[in-house]
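Q: Before we start, here is the structure in question, set down as structure tokens.
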Amino acid sequence: MSDNASHDSFFALHHGLPRQGPGSDATTRRLLALTGPLPERPRVLDLGCGPGRSALLLAAEAGAEVTAVDLHEPFLAELRRSAADRGLDGSIHTHRADMGALPFPDGSFDLVWAESSAYAIGFDRALAEWRRLLAPGGTLVLTECVWTTREPGPEARAFWEQHYPLRTVTALSSAAVGAGYHVLGSFLQPEGDWAEYYGPLAAHADAADTAVPGMAEAVAGARAEIAMRREHGSEYGYAGFVLRPADPRWRTRPETAEDASAVRPLVAAAFGSEAEADLVDALRRDPDAWLPGLSYVAEAPDGSIAAHALITRCLVDGAPAAALAPVAVAPAYQRTGAGKAVVRAVLDAARLRGESLVLVLGHPEYYPKFGFVRASEYGIKPGFEVPDESMMALVLDGSVPVPPGTIAYPAAFGV
């Protein structure tokens, strides 16, 4: 059997499917929400678009101008027809190209979008090569198959080692941070996303003519993949990642022992008193509150410390959570992006450390930029009176139940 027969049969089996990988409109909307505010008409590059389910939604609901890329021309033709039927043909432009050799200029897009397609060149290569395409403040959105257990069984491991080596959400997030991105959000996709893909695929397999050269093998491969999911689906899943390149102006890193003497006057100057500086020192001395690696600084171009952010342990009705406080920026570097850079960096570190919930008492117009929402939405409240909109929560790991209840801060906070 020729390679052409295998290729043709694979695409014949997949032709007409609503999507070419696990996903749903709900997941696309959730990913879009995590990107934060967008330009009025965002420029979106949809890579490995397939028949264009995501492209159509982004054009219709985000008002996006979408450049949809795929190597398979029949998918692009199907997308053009669907866009015309919906009156979106002026908003969606198809382009036949290899996502590993893209012809677009640097900084061309506000969003680079890749649902169920980055595997074609690999997650790490995608991070490295697609970054240049993002405009300042742009965002990379992709979904990737992941292990959902630390110890997958031999059957699942053997299957995926043959097809595409998997990593965990934490490992992929770490790779993204190491490649110079901040993780704005990540989540495991619901089981229904698999049903939206495998349900129609199974129906196509049942109806396929296996006498066509290559089709029997294509059908067998699809059925083996579906059976693996049915029997070992608790061991792996699909996850969404929303990533933004770090601001290159600021080098962020964990605080060192030598930094403490510089952090104290910075915090005092930022708040105009010694009280917050005393709080940081007291938290350092409290082994039940201090979380190693979660005191972060941002360096100014001259190497001095421009900003500091601290996350320590707190409890919500006895369940562990994390408190972001204080965040301090040297007066000379306020409103320059230093504070935003150090907050994103310490949140990345908390995510990679395994923290699932971060709480902050702060300005309700500032912290939502990082994904924080009112803590009361989760049934969380402080043990003292504050405006509801000022007490906020950020879920870093949606697979961990969010504990409702009253926040207990370390003793150093005095509340």
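Identifiers for the structure tokens are assigned positionally: chains receive A, B, ... in sequence, residues are indexed from 1 per chain, and ligands are indexed from 1 in the order shown.
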Can you list, as a ChimeraX atom specification, every protein, DNA or RNA residue that comes within 9 Å of Pro245 in chain A when you count only C-alpha atoms, leaving out same-chain residues fewer than 2 positions away?
A: /A:131,134,136-140,177,179-183,243,247-248
Q: Pick out the residues sitting within 9 Å of Trp290 in chain A, and hand them over as an MDAnalysis selection string; count only C-alpha atoms, and ignore anything fewer than 6 positions along from it in its own chain.
A: chainID A and resid 283:284 311:313
Q: Save the residues we just selected, N, CA, C and O atoms, as a PDB file, in the first residue's frame?
A:
```pdb
ATOM      1  N   LEU A 283       6.685  37.617  57.958  1.00  0.00           N
ATOM      2  CA  LEU A 283       6.304  36.433  57.181  1.00  0.00           C
ATOM      3  C   LEU A 283       7.524  35.564  56.885  1.00  0.00           C
ATOM      4  O   LEU A 283       7.425  34.331  56.888  1.00  0.00           O
ATOM      5  N   ARG A 284       8.667  36.191  56.660  1.00  0.00           N
ATOM      6  CA  ARG A 284       9.889  35.411  56.436  1.00  0.00           C
ATOM      7  C   ARG A 284      10.227  34.546  57.652  1.00  0.00           C
ATOM      8  O   ARG A 284      10.776  33.461  57.514  1.00  0.00           O
ATOM      9  N   ILE A 311       3.949  35.683  47.898  1.00  0.00           N
ATOM     10  CA  ILE A 311       2.824  34.772  48.132  1.00  0.00           C
ATOM     11  C   ILE A 311       3.163  33.906  49.331  1.00  0.00           C
ATOM     12  O   ILE A 311       4.234  33.290  49.392  1.00  0.00           O
ATOM     13  N   THR A 312       2.249  33.858  50.304  1.00  0.00           N
ATOM     14  CA  THR A 312       2.436  33.047  51.507  1.00  0.00           C
ATOM     15  C   THR A 312       1.213  32.173  51.738  1.00  0.00           C
ATOM     16  O   THR A 312       0.178  32.334  51.096  1.00  0.00           O
ATOM     17  N   ARG A 313       1.358  31.247  52.668  1.00  0.00           N
ATOM     18  CA  ARG A 313       0.281  30.306  52.964  1.00  0.00           C
ATOM     19  C   ARG A 313      -0.830  30.977  53.764  1.00  0.00           C
ATOM     20  O   ARG A 313      -0.584  31.730  54.708  1.00  0.00           O
TER      21      ARG A 313
END
```
Q: Kindly indicate which residue among A:Pro165, A:Pro387, A:Pro254, A:Gly199 lies nearest to Arg230 in chain A, using only C-alpha atoms for the distances.
A: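 Closest to Arg230 in chain A, using only C-alpha atoms: A:Gly199.
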Q: Counting only C-alpha atoms, figure out which residue out of A:Val346, A:Ala5, A:Leu201, A:Ile226 gets nearest to Glu255 in chain A.
A: A:Val346
Q: List every residue of range 181-323 of chain A that DSSP, applied to the backbone of this structure, assigns to alpha helix (DSSP H), and report them as a tab-separated table (two decimals) with all heavy atoms, in the first residue's frame.
A:
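Final output, saved to selection-v4.tsv:
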```
chain	number	residue	atom	x	y	z
A	191	GLU	N	-14.96	15.95	29.42
A	191	GLU	CA	-15.09	14.71	28.67
A	191	GLU	C	-15.94	14.90	27.41
A	191	GLU	O	-15.72	14.23	26.39
A	191	GLU	CB	-15.68	13.62	29.55
A	191	GLU	CG	-15.68	12.23	28.94
A	191	GLU	CD	-14.27	11.72	28.64
A	191	GLU	OE1	-13.32	12.12	29.36
A	191	GLU	OE2	-14.13	10.93	27.70
A	192	GLY	N	-16.89	15.82	27.49
A	192	GLY	CA	-17.74	16.06	26.32
A	192	GLY	C	-16.97	16.51	25.10
A	192	GLY	O	-17.41	16.32	23.96
A	193	ASP	N	-15.78	17.13	25.30
A	193	ASP	CA	-14.96	17.54	24.16
A	193	ASP	C	-14.47	16.35	23.36
A	193	ASP	O	-14.31	16.43	22.13
A	193	ASP	CB	-13.77	18.37	24.64
A	193	ASP	CG	-14.14	19.79	25.01
A	193	ASP	OD1	-15.35	20.08	25.15
A	193	ASP	OD2	-13.24	20.62	25.19
A	194	TRP	N	-14.21	15.24	24.05
A	194	TRP	CA	-13.81	14.02	23.34
A	194	TRP	C	-15.00	13.44	22.58
A	194	TRP	O	-14.83	12.97	21.45
A	194	TRP	CB	-13.27	12.99	24.33
A	194	TRP	CG	-11.96	13.37	24.93
A	194	TRP	CD1	-11.75	14.15	26.04
A	194	TRP	CD2	-10.66	13.01	24.45
A	194	TRP	NE1	-10.40	14.29	26.27
A	194	TRP	CE2	-9.71	13.61	25.33
A	194	TRP	CE3	-10.20	12.25	23.39
A	194	TRP	CZ2	-8.33	13.45	25.15
A	194	TRP	CZ3	-8.83	12.08	23.20
A	194	TRP	CH2	-7.92	12.68	24.08
A	195	ALA	N	-16.17	13.49	23.18
A	195	ALA	CA	-17.37	12.95	22.52
A	195	ALA	C	-17.68	13.73	21.24
A	195	ALA	O	-18.13	13.15	20.24
A	195	ALA	CB	-18.56	12.99	23.48
A	196	GLU	N	-17.43	15.04	21.25
A	196	GLU	CA	-17.70	15.85	20.05
A	196	GLU	C	-16.82	15.45	18.89
A	196	GLU	O	-17.17	15.64	17.72
A	196	GLU	CB	-17.53	17.34	20.36
A	196	GLU	CG	-18.64	17.92	21.21
A	196	GLU	CD	-18.95	19.36	20.87
A	196	GLU	OE1	-18.59	19.81	19.75
A	196	GLU	OE2	-19.56	20.04	21.71
A	197	TYR	N	-15.65	14.90	19.20
A	197	TYR	CA	-14.74	14.44	18.15
A	197	TYR	C	-14.95	12.97	17.82
A	197	TYR	O	-15.13	12.59	16.66
A	197	TYR	CB	-13.30	14.69	18.59
A	197	TYR	CG	-12.24	14.14	17.67
A	197	TYR	CD1	-12.31	14.31	16.29
A	197	TYR	CD2	-11.14	13.45	18.19
A	197	TYR	CE1	-11.32	13.80	15.44
A	197	TYR	CE2	-10.15	12.95	17.35
A	197	TYR	CZ	-10.24	13.13	15.99
A	197	TYR	OH	-9.28	12.63	15.15
A	198	TYR	N	-14.93	12.13	18.86
A	198	TYR	CA	-14.97	10.69	18.61
A	198	TYR	C	-16.35	10.18	18.19
A	198	TYR	O	-16.45	9.17	17.50
A	198	TYR	CB	-14.52	9.94	19.86
A	198	TYR	CG	-13.02	9.89	20.03
A	198	TYR	CD1	-12.44	9.70	21.28
A	198	TYR	CD2	-12.16	10.00	18.94
A	198	TYR	CE1	-11.07	9.64	21.46
A	198	TYR	CE2	-10.79	9.95	19.09
A	198	TYR	CZ	-10.24	9.77	20.35
A	198	TYR	OH	-8.89	9.71	20.52
A	199	GLY	N	-17.43	10.84	18.60
A	199	GLY	CA	-18.76	10.40	18.18
A	199	GLY	C	-18.89	10.42	16.66
A	199	GLY	O	-19.18	9.38	16.03
A	200	PRO	N	-18.68	11.57	16.02
A	200	PRO	CA	-18.75	11.59	14.54
A	200	PRO	C	-17.68	10.73	13.87
A	200	PRO	O	-17.94	10.12	12.83
A	200	PRO	CB	-18.55	13.08	14.22
A	200	PRO	CG	-19.01	13.80	15.45
A	200	PRO	CD	-18.60	12.92	16.59
A	201	LEU	N	-16.48	10.67	14.46
A	201	LEU	CA	-15.42	9.85	13.86
A	201	LEU	C	-15.81	8.38	13.86
A	201	LEU	O	-15.59	7.66	12.87
A	201	LEU	CB	-14.11	10.07	14.59
A	201	LEU	CG	-12.91	9.25	14.09
A	201	LEU	CD1	-12.61	9.55	12.62
A	201	LEU	CD2	-11.67	9.52	14.95
A	202	ALA	N	-16.39	7.91	14.97
A	202	ALA	CA	-16.82	6.51	15.03
A	202	ALA	C	-17.89	6.22	14.00
A	202	ALA	O	-17.89	5.14	13.36
A	202	ALA	CB	-17.33	6.19	16.44
A	203	ALA	N	-18.80	7.17	13.80
A	203	ALA	CA	-19.84	6.98	12.79
A	203	ALA	C	-19.23	6.90	11.39
A	203	ALA	O	-19.65	6.08	10.56
A	203	ALA	CB	-20.86	8.11	12.87
A	204	HIS	N	-18.24	7.74	11.11
A	204	HIS	CA	-17.56	7.67	9.81
A	204	HIS	C	-16.86	6.33	9.64
A	204	HIS	O	-16.87	5.75	8.55
A	204	HIS	CB	-16.55	8.81	9.70
A	204	HIS	CG	-17.13	10.11	9.27
A	204	HIS	ND1	-16.48	10.99	8.44
A	204	HIS	CD2	-18.33	10.69	9.56
A	204	HIS	CE1	-17.24	12.06	8.23
A	204	HIS	NE2	-18.36	11.91	8.92
A	205	ALA	N	-16.22	5.84	10.72
A	205	ALA	CA	-15.53	4.56	10.63
A	205	ALA	C	-16.51	3.42	10.32
A	205	ALA	O	-16.21	2.52	9.53
A	205	ALA	CB	-14.78	4.29	11.93
A	206	ASP	N	-17.68	3.47	10.95
A	206	ASP	CA	-18.68	2.42	10.72
A	206	ASP	C	-19.20	2.44	9.28
A	206	ASP	O	-19.56	1.39	8.73
A	206	ASP	CB	-19.86	2.59	11.68
A	206	ASP	CG	-19.48	2.26	13.12
A	206	ASP	OD1	-18.45	1.59	13.33
A	206	ASP	OD2	-20.22	2.69	14.04
A	207	ALA	N	-19.23	3.63	8.69
A	207	ALA	CA	-19.79	3.76	7.34
A	207	ALA	C	-18.73	3.65	6.25
A	207	ALA	O	-19.08	3.65	5.06
A	207	ALA	CB	-20.53	5.09	7.21
A	215	MET	N	-8.08	2.33	3.43
A	215	MET	CA	-9.18	2.68	4.33
A	215	MET	C	-9.27	1.72	5.51
A	215	MET	O	-9.58	2.14	6.64
A	215	MET	CB	-10.51	2.72	3.58
A	215	MET	CG	-11.69	3.22	4.44
A	215	MET	SD	-11.42	4.87	5.15
A	215	MET	CE	-11.58	5.89	3.68
A	216	ALA	N	-9.01	0.45	5.31
A	216	ALA	CA	-9.08	-0.50	6.43
A	216	ALA	C	-8.09	-0.10	7.52
A	216	ALA	O	-8.42	-0.16	8.72
A	216	ALA	CB	-8.79	-1.92	5.93
A	217	GLU	N	-6.91	0.31	7.11
A	217	GLU	CA	-5.91	0.72	8.08
A	217	GLU	C	-6.33	2.03	8.78
A	217	GLU	O	-6.13	2.19	9.99
A	217	GLU	CB	-4.55	0.92	7.41
A	217	GLU	CG	-3.91	-0.38	6.94
A	217	GLU	CD	-4.49	-0.90	5.62
A	217	GLU	OE1	-5.37	-0.22	5.03
A	217	GLU	OE2	-4.09	-2.00	5.20
A	218	ALA	N	-6.91	2.96	8.04
A	218	ALA	CA	-7.36	4.21	8.63
A	218	ALA	C	-8.47	3.97	9.66
A	218	ALA	O	-8.47	4.54	10.75
A	218	ALA	CB	-7.85	5.17	7.55
A	219	VAL	N	-9.39	3.09	9.30
A	219	VAL	CA	-10.49	2.76	10.22
A	219	VAL	C	-9.94	2.05	11.46
A	219	VAL	O	-10.35	2.35	12.60
A	219	VAL	CB	-11.53	1.89	9.50
A	219	VAL	CG1	-12.51	1.28	10.51
A	219	VAL	CG2	-12.29	2.72	8.47
A	220	ALA	N	-9.02	1.12	11.26
A	220	ALA	CA	-8.44	0.40	12.41
A	220	ALA	C	-7.73	1.37	13.34
A	220	ALA	O	-7.83	1.26	14.57
A	220	ALA	CB	-7.47	-0.67	11.92
A	221	GLY	N	-7.00	2.33	12.79
A	221	GLY	CA	-6.32	3.31	13.62
A	221	GLY	C	-7.28	4.17	14.42
A	221	GLY	O	-7.06	4.43	15.61
A	222	ALA	N	-8.36	4.61	13.77
A	222	ALA	CA	-9.36	5.42	14.48
A	222	ALA	C	-10.02	4.61	15.59
A	222	ALA	O	-10.20	5.12	16.71
A	222	ALA	CB	-10.40	5.92	13.49
A	223	ARG	N	-10.37	3.37	15.30
A	223	ARG	CA	-11.03	2.54	16.32
A	223	ARG	C	-10.09	2.22	17.48
A	223	ARG	O	-10.51	2.17	18.64
A	223	ARG	CB	-11.56	1.27	15.68
A	223	ARG	CG	-12.81	1.53	14.83
A	223	ARG	CD	-13.29	0.29	14.11
A	223	ARG	NE	-14.59	0.52	13.47
A	223	ARG	CZ	-15.09	-0.24	12.51
A	223	ARG	NH1	-14.41	-1.31	12.09
A	223	ARG	NH2	-16.27	0.04	11.98
A	224	ALA	N	-8.79	2.03	17.20
A	224	ALA	CA	-7.83	1.77	18.27
A	224	ALA	C	-7.71	2.99	19.17
A	224	ALA	O	-7.62	2.87	20.41
A	224	ALA	CB	-6.48	1.40	17.67
A	225	GLU	N	-7.71	4.17	18.57
A	225	GLU	CA	-7.61	5.41	19.35
A	225	GLU	C	-8.85	5.60	20.22
A	225	GLU	O	-8.76	5.97	21.40
A	225	GLU	CB	-7.43	6.59	18.41
A	225	GLU	CG	-7.16	7.90	19.11
A	225	GLU	CD	-6.92	9.03	18.13
A	225	GLU	OE1	-6.39	8.77	17.02
A	225	GLU	OE2	-7.27	10.18	18.47
A	226	ILE	N	-10.01	5.33	19.65
A	226	ILE	CA	-11.26	5.47	20.41
A	226	ILE	C	-11.31	4.45	21.54
A	226	ILE	O	-11.72	4.76	22.67
A	226	ILE	CB	-12.47	5.32	19.47
A	226	ILE	CG1	-12.52	6.51	18.49
A	226	ILE	CG2	-13.77	5.23	20.26
A	226	ILE	CD1	-13.51	6.34	17.36
A	227	ALA	N	-10.87	3.21	21.26
A	227	ALA	CA	-10.86	2.18	22.31
A	227	ALA	C	-9.89	2.53	23.42
A	227	ALA	O	-10.17	2.31	24.61
A	227	ALA	CB	-10.50	0.83	21.69
A	228	MET	N	-8.74	3.10	23.08
A	228	MET	CA	-7.78	3.51	24.10
A	228	MET	C	-8.40	4.56	25.02
A	228	MET	O	-8.24	4.51	26.25
A	228	MET	CB	-6.52	4.05	23.42
A	228	MET	CG	-5.46	4.59	24.36
A	228	MET	SD	-4.85	3.38	25.58
A	228	MET	CE	-4.21	2.09	24.50
A	229	ARG	N	-9.12	5.49	24.44
A	229	ARG	CA	-9.77	6.52	25.26
A	229	ARG	C	-10.83	5.90	26.16
A	229	ARG	O	-10.96	6.26	27.33
A	229	ARG	CB	-10.39	7.59	24.35
A	229	ARG	CG	-11.10	8.71	25.10
A	229	ARG	CD	-10.14	9.52	25.91
A	229	ARG	NE	-10.82	10.40	26.85
A	229	ARG	CZ	-10.21	11.12	27.78
A	229	ARG	NH1	-8.90	11.06	27.89
A	229	ARG	NH2	-10.89	11.89	28.58
A	230	ARG	N	-11.60	4.99	25.62
A	230	ARG	CA	-12.66	4.35	26.39
A	230	ARG	C	-12.09	3.57	27.57
A	230	ARG	O	-12.64	3.61	28.68
A	230	ARG	CB	-13.47	3.43	25.48
A	230	ARG	CG	-14.67	2.76	26.17
A	230	ARG	CD	-15.52	2.00	25.17
A	230	ARG	NE	-14.76	0.97	24.45
A	230	ARG	CZ	-14.46	1.03	23.14
A	230	ARG	NH1	-14.86	2.05	22.41
A	230	ARG	NH2	-13.77	0.05	22.57
A	231	GLU	N	-10.98	2.89	27.36
A	231	GLU	CA	-10.44	2.00	28.39
A	231	GLU	C	-9.45	2.70	29.33
A	231	GLU	O	-9.27	2.25	30.47
A	231	GLU	CB	-9.75	0.82	27.71
A	231	GLU	CG	-10.73	-0.06	26.92
A	231	GLU	CD	-10.02	-1.02	25.98
A	231	GLU	OE1	-8.78	-1.16	26.10
A	231	GLU	OE2	-10.72	-1.60	25.11
A	232	HIS	N	-8.82	3.78	28.88
A	232	HIS	CA	-7.76	4.41	29.68
A	232	HIS	C	-7.92	5.92	29.76
A	232	HIS	O	-6.95	6.64	30.01
A	232	HIS	CB	-6.39	4.06	29.10
A	232	HIS	CG	-6.08	2.60	29.12
A	232	HIS	ND1	-5.64	1.93	30.24
A	232	HIS	CD2	-6.19	1.66	28.14
A	232	HIS	CE1	-5.46	0.65	29.96
A	232	HIS	NE2	-5.79	0.45	28.69
A	260	ALA	N	17.10	40.53	50.54
A	260	ALA	CA	16.24	40.97	51.64
A	260	ALA	C	16.54	42.41	52.06
A	260	ALA	O	15.63	43.20	52.34
A	260	ALA	CB	16.38	40.02	52.82
A	261	SER	N	17.82	42.77	52.08
A	261	SER	CA	18.18	44.11	52.54
A	261	SER	C	17.73	45.18	51.55
A	261	SER	O	17.53	46.34	51.93
A	261	SER	CB	19.69	44.20	52.75
A	261	SER	OG	20.38	43.94	51.53
A	262	ALA	N	17.54	44.82	50.27
A	262	ALA	CA	17.04	45.77	49.28
A	262	ALA	C	15.52	45.76	49.20
A	262	ALA	O	14.90	46.78	48.88
A	262	ALA	CB	17.64	45.45	47.91
A	263	VAL	N	14.91	44.61	49.49
A	263	VAL	CA	13.45	44.53	49.42
A	263	VAL	C	12.80	45.38	50.51
A	263	VAL	O	11.80	46.06	50.27
A	263	VAL	CB	12.99	43.05	49.53
A	263	VAL	CG1	11.49	42.96	49.79
A	263	VAL	CG2	13.36	42.30	48.26
A	264	ARG	N	13.38	45.37	51.70
A	264	ARG	CA	12.74	46.10	52.80
A	264	ARG	C	12.58	47.60	52.49
A	264	ARG	O	11.47	48.11	52.59
A	264	ARG	CB	13.53	45.90	54.10
A	264	ARG	CG	12.89	46.64	55.26
A	264	ARG	CD	13.59	46.45	56.59
A	264	ARG	NE	12.97	47.34	57.56
A	264	ARG	CZ	11.87	47.03	58.25
A	264	ARG	NH1	11.29	45.85	58.10
A	264	ARG	NH2	11.36	47.91	59.09
A	265	PRO	N	13.62	48.33	52.11
A	265	PRO	CA	13.41	49.74	51.82
A	265	PRO	C	12.51	49.97	50.61
A	265	PRO	O	11.78	50.97	50.55
A	265	PRO	CB	14.82	50.29	51.59
A	265	PRO	CG	15.66	49.10	51.29
A	265	PRO	CD	15.06	47.97	52.06
A	266	LEU	N	12.53	49.05	49.64
A	266	LEU	CA	11.63	49.18	48.49
A	266	LEU	C	10.18	49.13	48.94
A	266	LEU	O	9.34	49.95	48.53
A	266	LEU	CB	11.93	48.09	47.47
A	266	LEU	CG	11.09	48.07	46.18
A	266	LEU	CD1	11.90	47.46	45.04
A	266	LEU	CD2	9.79	47.28	46.33
A	267	VAL	N	9.85	48.13	49.78
A	267	VAL	CA	8.47	47.97	50.25
A	267	VAL	C	8.06	49.20	51.08
A	267	VAL	O	6.95	49.73	50.93
A	267	VAL	CB	8.31	46.67	51.06
A	267	VAL	CG1	6.91	46.57	51.66
A	267	VAL	CG2	8.59	45.46	50.17
A	268	ALA	N	8.94	49.65	51.94
A	268	ALA	CA	8.62	50.81	52.76
A	268	ALA	C	8.38	52.05	51.90
A	268	ALA	O	7.45	52.82	52.14
A	268	ALA	CB	9.75	51.06	53.77
A	269	ALA	N	9.21	52.24	50.89
A	269	ALA	CA	9.04	53.40	50.02
A	269	ALA	C	7.76	53.30	49.21
A	269	ALA	O	7.05	54.30	48.99
A	269	ALA	CB	10.25	53.53	49.10
A	270	ALA	N	7.43	52.08	48.75
A	270	ALA	CA	6.23	51.91	47.93
A	270	ALA	C	4.97	52.22	48.72
A	270	ALA	O	4.01	52.80	48.17
A	270	ALA	CB	6.18	50.48	47.39
A	271	PHE	N	4.95	51.85	50.01
A	271	PHE	CA	3.74	52.05	50.82
A	271	PHE	C	3.81	53.30	51.69
A	271	PHE	O	2.82	53.65	52.34
A	271	PHE	CB	3.49	50.81	51.68
A	271	PHE	CG	2.96	49.64	50.92
A	271	PHE	CD1	3.82	48.69	50.38
A	271	PHE	CD2	1.60	49.50	50.69
A	271	PHE	CE1	3.34	47.61	49.67
A	271	PHE	CE2	1.11	48.42	49.97
A	271	PHE	CZ	1.97	47.48	49.45
A	275	ALA	N	5.27	49.67	57.91
A	275	ALA	CA	4.36	48.60	58.33
A	275	ALA	C	4.40	47.41	57.36
A	275	ALA	O	4.49	46.24	57.79
A	275	ALA	CB	2.94	49.13	58.45
A	276	GLU	N	4.33	47.69	56.06
A	276	GLU	CA	4.34	46.58	55.09
A	276	GLU	C	5.70	45.91	55.05
A	276	GLU	O	5.80	44.69	54.85
A	276	GLU	CB	3.94	47.09	53.70
A	276	GLU	CG	2.52	47.61	53.61
A	276	GLU	CD	1.49	46.49	53.71
A	276	GLU	OE1	1.80	45.35	53.33
A	276	GLU	OE2	0.37	46.77	54.16
A	277	ALA	N	6.77	46.68	55.23
A	277	ALA	CA	8.11	46.09	55.28
A	277	ALA	C	8.25	45.19	56.50
A	277	ALA	O	8.83	44.09	56.42
A	277	ALA	CB	9.17	47.19	55.31
A	278	ASP	N	7.68	45.61	57.64
A	278	ASP	CA	7.69	44.76	58.83
A	278	ASP	C	6.89	43.48	58.58
A	278	ASP	O	7.27	42.39	59.07
A	278	ASP	CB	7.09	45.52	60.02
A	278	ASP	CG	7.97	46.66	60.50
A	278	ASP	OD1	9.18	46.66	60.17
A	278	ASP	OD2	7.44	47.55	61.20
A	279	LEU	N	5.79	43.60	57.84
A	279	LEU	CA	4.98	42.42	57.52
A	279	LEU	C	5.80	41.40	56.73
A	279	LEU	O	5.78	40.19	57.04
A	279	LEU	CB	3.75	42.84	56.71
A	279	LEU	CG	2.92	41.71	56.09
A	279	LEU	CD1	2.34	40.79	57.16
A	279	LEU	CD2	1.81	42.28	55.21
A	280	VAL	N	6.53	41.85	55.72
A	280	VAL	CA	7.34	40.93	54.92
A	280	VAL	C	8.38	40.24	55.79
A	280	VAL	O	8.57	39.02	55.71
A	280	VAL	CB	8.02	41.68	53.75
A	280	VAL	CG1	9.00	40.77	53.03
A	280	VAL	CG2	6.97	42.20	52.78
A	281	ASP	N	9.04	41.00	56.66
A	281	ASP	CA	10.04	40.40	57.54
A	281	ASP	C	9.41	39.37	58.49
A	281	ASP	O	9.99	38.30	58.74
A	281	ASP	CB	10.74	41.49	58.35
A	281	ASP	CG	11.68	42.34	57.50
A	281	ASP	OD1	12.00	41.90	56.37
A	281	ASP	OD2	12.05	43.44	57.95
A	282	ALA	N	8.23	39.69	59.02
A	282	ALA	CA	7.55	38.76	59.92
A	282	ALA	C	7.14	37.48	59.20
A	282	ALA	O	7.23	36.38	59.75
A	282	ALA	CB	6.34	39.44	60.56
A	283	LEU	N	6.68	37.62	57.96
A	283	LEU	CA	6.30	36.43	57.18
A	283	LEU	C	7.52	35.56	56.89
A	283	LEU	O	7.42	34.33	56.89
A	283	LEU	CB	5.62	36.86	55.88
A	283	LEU	CG	4.22	37.46	56.05
A	283	LEU	CD1	3.75	38.11	54.76
A	283	LEU	CD2	3.22	36.39	56.50
A	284	ARG	N	8.67	36.19	56.66
A	284	ARG	CA	9.89	35.41	56.44
A	284	ARG	C	10.23	34.55	57.65
A	284	ARG	O	10.78	33.46	57.51
A	284	ARG	CB	11.07	36.35	56.16
A	284	ARG	CG	11.16	36.86	54.75
A	284	ARG	CD	12.58	37.33	54.45
A	284	ARG	NE	12.61	38.01	53.15
A	284	ARG	CZ	12.49	39.31	52.99
A	284	ARG	NH1	12.33	40.09	54.04
A	284	ARG	NH2	12.54	39.84	51.79
```
Q: Of the candidates A:Ser234, A:Gly90, A:Ile407, A:Pro103, which shows the shortest atom-to-atom distance to Ser376 in chain A, using only C-alpha atoms?
A: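 The shortest atom-to-atom distance to Ser376 in chain A comes from A:Ile407.
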Q: Can you list, as a list in words, every protein, DNA or RNA residue that comes within 7 Å of Leu133 in chain A when you count only C-alpha atoms, leaving out same-chain residues fewer than 6 positions away?
A: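 Close residues of Leu133 in chain A: Pro105, Asp106, Gly107, Ser108 and Phe109 of chain A.
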Q: With N, CA and C atoms retained, export the selected residues as a PDB file, in the first residue's frame.
A:
```pdb
ATOM      1  N   PRO A 105       4.727  38.080   8.499  1.00  0.00           N
ATOM      2  CA  PRO A 105       5.734  38.936   9.166  1.00  0.00           C
ATOM      3  C   PRO A 105       5.614  38.875  10.686  1.00  0.00           C
ATOM      4  N   ASP A 106       6.695  39.227  11.345  1.00  0.00           N
ATOM      5  CA  ASP A 106       6.692  39.302  12.808  1.00  0.00           C
ATOM      6  C   ASP A 106       5.638  40.304  13.277  1.00  0.00           C
ATOM      7  N   GLY A 107       5.029  40.007  14.427  1.00  0.00           N
ATOM      8  CA  GLY A 107       4.097  40.948  15.048  1.00  0.00           C
ATOM      9  C   GLY A 107       2.796  41.128  14.306  1.00  0.00           C
ATOM     10  N   SER A 108       2.373  40.136  13.522  1.00  0.00           N
ATOM     11  CA  SER A 108       1.205  40.310  12.668  1.00  0.00           C
ATOM     12  C   SER A 108      -0.127  40.049  13.358  1.00  0.00           C
ATOM     13  N   PHE A 109      -0.122  39.395  14.533  1.00  0.00           N
ATOM     14  CA  PHE A 109      -1.388  38.912  15.090  1.00  0.00           C
ATOM     15  C   PHE A 109      -1.508  39.219  16.579  1.00  0.00           C
TER      16      PHE A 109
END
```
Q: Using only C-alpha atoms, can you tell me which of A:Pro39, A:Phe75, A:Trp147, A:Ile92 comes closest to Leu58 in chain A?
A: A:Ile92
Q: Let me make sure I understand: among A:Pro18, A:Pro364, A:Pro410, A:Gly272, which one has the smallest atom-to-atom distance to Val386 in chain A if we use only C-alpha atoms?
A: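 Looking only at the distances to Val386 in chain A, the closest residue turns out to be A:Pro364.
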Q: Write out as a list in words each polymer residue whose atoms come within 10 Å of Gly354 in chain A, counting only C-alpha atoms; drop sequence neighbours fewer than 4 positions from it.
A: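 Near Gly354 in chain A, the qualifying residues are Thr170, Ala349, Ala350, Leu396 and Asp397 of chain A.
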Q: Output N, CA and C atoms for every residue in the selection just made, as a CSV table (one decimal), in the first residue's frame.
A:
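Resulting contents of again.csv:
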```csv
chain,number,residue,atom,x,y,z
A,170,THR,N,1.4,20.5,34.4
A,170,THR,CA,2.5,21.2,35.1
A,170,THR,C,3.8,21.2,34.2
A,349,ALA,N,5.1,30.9,39.2
A,349,ALA,CA,5.9,30.1,40.2
A,349,ALA,C,4.9,29.4,41.1
A,350,ALA,N,3.8,30.0,41.5
A,350,ALA,CA,2.9,29.3,42.4
A,350,ALA,C,2.2,28.2,41.6
A,396,LEU,N,-5.8,28.5,40.1
A,396,LEU,CA,-4.7,28.1,39.2
A,396,LEU,C,-4.8,26.6,38.7
A,397,ASP,N,-5.5,25.8,39.4
A,397,ASP,CA,-5.7,24.4,39.0
A,397,ASP,C,-7.2,24.1,39.2
```
Q: Neighbours of Pro51 in chain A within 10 Å (only C-alpha atoms; same-chain residues fewer than 4 positions away dropped), as a list in words?
A: His15, Gly16, Leu17, Pro18, Arg19, Gln20, Ala55, Leu56, Ala68, Asp70, His72, Glu73, Pro74, Phe75, Leu76, Ala77, Glu78, Leu79, Arg80, Arg81 and Ser82 of chain A
